[in-house]
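Participant: The structure is given below, and queries will be raised subsequently.
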Amino acid sequence: RTVADSVYAHSLNVALISRMIGRWLRFERHDLDILTLAGLMHDIGKLLIPSDILNKPGSLTDEEFAKIKQHPALGYEILKRQPDLDSRIKKAALMHHERCDGSGYPFGLYASDIDDYASIIAVADVYDAMTADRCYRLGLCPFEVIAQFEQEGLQRYKPRYILTFLEHIAHTYLHNRVLLN
C-alpha cells in the first residue's frame with residue numbers, strides 16, 4: 001500500500017485476494033493462475049483514464065465519474081486484441097463492476113449474465129477498495145467491510161462467491177500471529 005501508483009497496488013491486491021477466493025473454492029492450479037491474472041488486469045482500462053481524474057483528492061463530478069465508468073469497456077478493448085489471452089480475463093475486465101441486482105456498469109447485467117471470474121474479482125475489488133486508504137478518505141476496518149457485505153452482499157454478488165469470501169475472510173484476521181517491525 002506504500003506504492004505511489006494506487007491502481008498498481010490495488011491490482012496486485014485484487015489478484016492476491018481473488019486467488020485466495022479461488023483456493024477457498026478449490027479451483028485447479030491452471031484456473032487459479034487465470035483468475036490471478038484476471039485480477040491483476042481487471043483495471044487495465046484505467047491506463048486510458050487521465051491521471052488527474054484517477055488521483056483527484058475530492059469528489060468527482062458527474063462527467064469525471066462517467067469517464068471512470070468507461071474503464072471496464074476500455075480495458076476489454078485493450079485485452080480483446082490479445083488472441084492468446086484467456087477469454088475469462090477479458091470478461092473479468094469488462095464485467096467486474098456488474099452487480100447481480102442489475103445496478104452495476106457498463107451494461108447493468110443481472111447475475112446469470114455475469115462471468116464467474118468477474119463475479120469473484122468484483123468481491124475482491126470492492127473489499128480492497130473499501131479497506132484501502134485513498135487520497136480522499138481513510139480505508140475502513142476490514143470488519144466494517146465484512147459487515148457491509150453481510151448486509152447487502154447477497155443481492156449484489158453471486159451467493160457462492162460472497163458466502164465463500166465471508167466464511168473465510170474473518171478467519172484470516174483471527175488467531176493469527178503477525179510480526180511488526
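To be explicit about the labels: the chains of the C-alpha cells are called A, B, and onward in the order shown, and within each one the residues are counted from 1, while ligands get numbers from 1 in the order they are shown.
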Compile the contact shell of Leu35 (chain A) as a ChimeraX atom specification: residues with an atom at most 12 Å away, counting only C-alpha atoms, same-chain residues fewer than 5 positions apart removed.
Facilitator: /A:14-23,25,27-30,40-42,86-93,115-122,124
Participant: Would you put the residues from that selection into a file with N, CA and C atoms, as a short mmCIF file (atom, residue, chain, number, x, y, z; two decimals), in the first residue's frame?
Facilitator:
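And here is the file that came out, part_5.cif:
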data_model
loop_
_atom_site.label_atom_id
_atom_site.label_comp_id
_atom_site.auth_asym_id
_atom_site.auth_seq_id
_atom_site.Cartn_x
_atom_site.Cartn_y
_atom_site.Cartn_z
N VAL A 14 -5.99 -7.10 -5.58
CA VAL A 14 -7.15 -7.80 -6.13
C VAL A 14 -6.73 -9.16 -6.69
N ALA A 15 -5.57 -9.22 -7.33
CA ALA A 15 -5.08 -10.50 -7.84
C ALA A 15 -4.87 -11.50 -6.70
N LEU A 16 -4.26 -11.05 -5.62
CA LEU A 16 -4.00 -11.95 -4.49
C LEU A 16 -5.27 -12.36 -3.76
N ILE A 17 -6.18 -11.43 -3.56
CA ILE A 17 -7.45 -11.75 -2.89
C ILE A 17 -8.28 -12.69 -3.76
N SER A 18 -8.30 -12.44 -5.07
CA SER A 18 -9.03 -13.32 -5.99
C SER A 18 -8.47 -14.73 -5.94
N ARG A 19 -7.15 -14.84 -5.91
CA ARG A 19 -6.52 -16.16 -5.84
C ARG A 19 -6.92 -16.87 -4.54
N MET A 20 -6.95 -16.11 -3.43
CA MET A 20 -7.37 -16.72 -2.16
C MET A 20 -8.80 -17.26 -2.28
N ILE A 21 -9.68 -16.48 -2.87
CA ILE A 21 -11.06 -16.93 -3.04
C ILE A 21 -11.09 -18.19 -3.90
N GLY A 22 -10.32 -18.19 -4.98
CA GLY A 22 -10.23 -19.37 -5.84
C GLY A 22 -9.72 -20.59 -5.09
N ARG A 23 -8.76 -20.41 -4.21
CA ARG A 23 -8.25 -21.52 -3.40
C ARG A 23 -9.33 -22.02 -2.46
N LEU A 25 -12.40 -21.94 -3.00
CA LEU A 25 -13.37 -22.64 -3.85
C LEU A 25 -12.79 -23.94 -4.44
N PHE A 27 -10.31 -24.32 -6.69
CA PHE A 27 -10.02 -24.25 -8.12
C PHE A 27 -8.73 -25.04 -8.41
N GLU A 28 -8.66 -25.59 -9.61
CA GLU A 28 -7.44 -26.24 -10.07
C GLU A 28 -6.35 -25.19 -10.29
N ARG A 29 -5.10 -25.61 -10.29
CA ARG A 29 -3.96 -24.68 -10.41
C ARG A 29 -4.06 -23.78 -11.64
N HIS A 30 -4.38 -24.36 -12.79
CA HIS A 30 -4.47 -23.57 -14.03
C HIS A 30 -5.55 -22.49 -13.90
N LEU A 40 -5.23 -9.24 -11.69
CA LEU A 40 -4.15 -8.29 -11.94
C LEU A 40 -4.51 -7.32 -13.05
N MET A 41 -5.24 -7.80 -14.06
CA MET A 41 -5.52 -6.97 -15.23
C MET A 41 -6.92 -6.34 -15.23
N HIS A 42 -7.68 -6.53 -14.18
CA HIS A 42 -9.08 -6.09 -14.19
C HIS A 42 -9.25 -4.59 -14.43
N ASP A 86 -6.77 -15.78 -22.35
CA ASP A 86 -7.98 -16.49 -21.95
C ASP A 86 -9.17 -15.53 -21.91
N SER A 87 -10.29 -15.97 -22.45
CA SER A 87 -11.47 -15.11 -22.53
C SER A 87 -12.00 -14.70 -21.15
N ARG A 88 -11.73 -15.51 -20.11
CA ARG A 88 -12.18 -15.16 -18.77
C ARG A 88 -11.48 -13.90 -18.25
N ILE A 89 -10.25 -13.69 -18.68
CA ILE A 89 -9.52 -12.48 -18.29
C ILE A 89 -10.15 -11.27 -18.95
N LYS A 90 -10.49 -11.40 -20.21
CA LYS A 90 -11.13 -10.30 -20.95
C LYS A 90 -12.50 -9.98 -20.37
N LYS A 91 -13.28 -11.02 -20.07
CA LYS A 91 -14.61 -10.80 -19.50
C LYS A 91 -14.54 -10.19 -18.11
N ALA A 92 -13.52 -10.57 -17.33
CA ALA A 92 -13.37 -10.02 -15.99
C ALA A 92 -13.10 -8.52 -16.06
N ALA A 93 -12.27 -8.10 -17.00
CA ALA A 93 -12.01 -6.66 -17.17
C ALA A 93 -13.30 -5.93 -17.53
N ASP A 115 -20.02 -13.08 -15.91
CA ASP A 115 -18.99 -14.12 -15.89
C ASP A 115 -18.58 -14.44 -14.45
N ASP A 116 -18.34 -15.71 -14.16
CA ASP A 116 -17.99 -16.12 -12.80
C ASP A 116 -16.68 -15.50 -12.31
N TYR A 117 -15.67 -15.42 -13.18
CA TYR A 117 -14.41 -14.82 -12.76
C TYR A 117 -14.61 -13.33 -12.46
N ALA A 118 -15.42 -12.66 -13.26
CA ALA A 118 -15.73 -11.25 -13.00
C ALA A 118 -16.44 -11.11 -11.65
N SER A 119 -17.29 -12.07 -11.32
CA SER A 119 -18.01 -12.04 -10.04
C SER A 119 -17.07 -12.20 -8.85
N ILE A 120 -16.09 -13.06 -8.99
CA ILE A 120 -15.11 -13.25 -7.91
C ILE A 120 -14.26 -11.98 -7.78
N ILE A 121 -13.83 -11.46 -8.89
CA ILE A 121 -12.99 -10.26 -8.88
C ILE A 121 -13.77 -9.06 -8.33
N ALA A 122 -15.07 -9.01 -8.57
CA ALA A 122 -15.89 -7.92 -8.02
C ALA A 122 -15.82 -7.90 -6.50
N ALA A 124 -13.37 -9.19 -4.57
CA ALA A 124 -12.01 -8.81 -4.19
C ALA A 124 -11.77 -7.32 -4.43
#
Participant: Tell me, in Å to one decimal, how far CA of Leu140 (chain A) is from CA of Gly102 (chain A).
Facilitator: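 Here the two named atoms are 25.5 Å from each other.
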Participant: Excluding Ile44 (chain A) and its own-chain neighbours fewer than 2 positions away, which residues fall within 12 Å of it when counting only C-alpha atoms? Please give them as a ChimeraX atom specification.
Facilitator: /A:7-8,10-12,37-42,46-49,68,70-80,89-90,92-94,96
Participant: How many Å separate CA of Phe107 (chain A) from CA of Trp24 (chain A)?
Facilitator: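 We find that CA of Phe107 (chain A) and CA of Trp24 (chain A) lie 29.1 Å from each other.
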Participant: Considering only helix (DSSP H, G or I) as DSSP defines it on the backbone, what residues of region 14-178 of chain A qualify? List them as an MDAnalysis selection string.
Facilitator: chainID A and resid 14:24 29:41 44:48 51:54 62:68 71:79 87:95 111:113 116:131 142:156 159:173
Participant: Which neighbours of region 112-114 of chain A fall inside 8 Å, counting only C-alpha atoms, when residues of the same chain fewer than 5 positions from it are skipped, and could you give them as an MDAnalysis selection string?
Facilitator: chainID A and resid 95 98:100 119
Participant: Using DSSP on the backbone coordinates, identify all residues within region 67-148 of chain A classified as strand (DSSP E or B); present the result as number ranges by chain.
Facilitator: A: 101, 110, 134, 137
Participant: Write a file of the selected residues as a compact mmCIF listing (two decimals), in the first residue's frame, keeping all heavy atoms.
Facilitator:
# COMPACT_ATOMS: atom_id res chain seq x y z
N ASP A 101 -27.86 -7.58 -9.02
CA ASP A 101 -29.16 -6.93 -8.99
C ASP A 101 -29.36 -5.95 -10.15
O ASP A 101 -30.36 -5.24 -10.20
CB ASP A 101 -29.37 -6.21 -7.66
CG ASP A 101 -28.34 -5.12 -7.40
OD1 ASP A 101 -27.46 -4.86 -8.26
OD2 ASP A 101 -28.40 -4.51 -6.30
N TYR A 110 -27.52 -8.75 -15.04
CA TYR A 110 -28.00 -9.47 -13.87
C TYR A 110 -27.17 -10.74 -13.69
O TYR A 110 -26.41 -11.12 -14.58
CB TYR A 110 -29.49 -9.80 -14.00
CG TYR A 110 -30.35 -8.56 -13.84
CD1 TYR A 110 -30.65 -7.76 -14.93
CD2 TYR A 110 -30.82 -8.18 -12.59
CE1 TYR A 110 -31.42 -6.61 -14.78
CE2 TYR A 110 -31.59 -7.04 -12.43
CZ TYR A 110 -31.88 -6.25 -13.53
OH TYR A 110 -32.62 -5.11 -13.38
N ARG A 134 -7.32 6.10 0.63
CA ARG A 134 -7.29 6.85 -0.63
C ARG A 134 -6.94 8.30 -0.31
O ARG A 134 -7.04 8.72 0.84
CB ARG A 134 -8.66 6.78 -1.34
CG ARG A 134 -9.06 5.39 -1.77
CD ARG A 134 -8.24 4.96 -2.97
NE ARG A 134 -8.78 3.74 -3.54
CZ ARG A 134 -8.09 2.63 -3.68
NH1 ARG A 134 -6.85 2.58 -3.26
NH2 ARG A 134 -8.63 1.58 -4.23
N ARG A 137 -10.03 9.74 1.37
CA ARG A 137 -10.64 9.14 2.56
C ARG A 137 -9.75 8.04 3.11
O ARG A 137 -8.93 7.47 2.40
CB ARG A 137 -12.02 8.58 2.25
CG ARG A 137 -11.99 7.45 1.25
CD ARG A 137 -13.04 6.40 1.53
NE ARG A 137 -13.01 5.37 0.52
CZ ARG A 137 -12.22 4.31 0.55
NH1 ARG A 137 -11.35 4.14 1.52
NH2 ARG A 137 -12.25 3.40 -0.40
Participant: Quick one: residues within 12 Å of Lys56 (chain A), only C-alpha atoms, excluding same-chain residues fewer than 4 positions away - as a PyMOL selection string?
Facilitator: chain A and resi 6+49-52+60-61+64-65+68+134-137
Participant: Using the selection just defined, write its residues with N, CA, C and O atoms as a compact mmCIF listing (two decimals), in the first residue's frame.
Facilitator:
# COMPACT_ATOMS: atom_id res chain seq x y z
N SER A 6 -1.57 3.97 -6.99
CA SER A 6 -2.61 3.24 -6.27
C SER A 6 -3.30 2.19 -7.15
O SER A 6 -3.74 1.17 -6.64
N ILE A 49 -7.54 6.43 -18.69
CA ILE A 49 -8.26 7.47 -17.95
C ILE A 49 -7.22 8.49 -17.47
O ILE A 49 -6.18 8.10 -16.92
N PRO A 50 -7.47 9.78 -17.66
CA PRO A 50 -6.49 10.78 -17.22
C PRO A 50 -6.15 10.65 -15.73
O PRO A 50 -7.04 10.46 -14.90
N SER A 51 -4.87 10.75 -15.42
CA SER A 51 -4.43 10.56 -14.03
C SER A 51 -4.98 11.63 -13.09
O SER A 51 -5.16 11.37 -11.91
N ASP A 52 -5.28 12.82 -13.61
CA ASP A 52 -5.85 13.85 -12.73
C ASP A 52 -7.24 13.45 -12.25
O ASP A 52 -7.67 13.86 -11.16
N LEU A 60 -15.63 13.42 -7.36
CA LEU A 60 -15.66 13.50 -8.82
C LEU A 60 -16.93 14.19 -9.28
O LEU A 60 -18.00 14.02 -8.68
N THR A 61 -16.83 14.94 -10.36
CA THR A 61 -18.02 15.49 -10.99
C THR A 61 -18.74 14.36 -11.71
O THR A 61 -18.17 13.28 -11.91
N GLU A 64 -16.66 13.42 -14.70
CA GLU A 64 -15.46 12.65 -14.35
C GLU A 64 -15.83 11.21 -13.99
O GLU A 64 -15.15 10.27 -14.40
N PHE A 65 -16.93 11.05 -13.25
CA PHE A 65 -17.35 9.69 -12.90
C PHE A 65 -17.77 8.91 -14.14
O PHE A 65 -17.50 7.72 -14.24
N ILE A 68 -14.64 7.56 -15.56
CA ILE A 68 -14.17 6.41 -14.77
C ILE A 68 -14.96 5.15 -15.13
O ILE A 68 -14.40 4.07 -15.25
N ARG A 134 -7.32 6.10 0.63
CA ARG A 134 -7.29 6.85 -0.63
C ARG A 134 -6.94 8.30 -0.31
O ARG A 134 -7.04 8.72 0.84
N CYS A 135 -6.59 9.05 -1.33
CA CYS A 135 -6.22 10.45 -1.11
C CYS A 135 -7.41 11.26 -0.59
O CYS A 135 -7.23 12.30 0.03
N TYR A 136 -8.62 10.75 -0.77
CA TYR A 136 -9.82 11.49 -0.37
C TYR A 136 -10.52 10.90 0.85
O TYR A 136 -11.49 11.46 1.34
N ARG A 137 -10.03 9.74 1.37
CA ARG A 137 -10.64 9.14 2.56
C ARG A 137 -9.75 8.04 3.11
O ARG A 137 -8.93 7.47 2.40
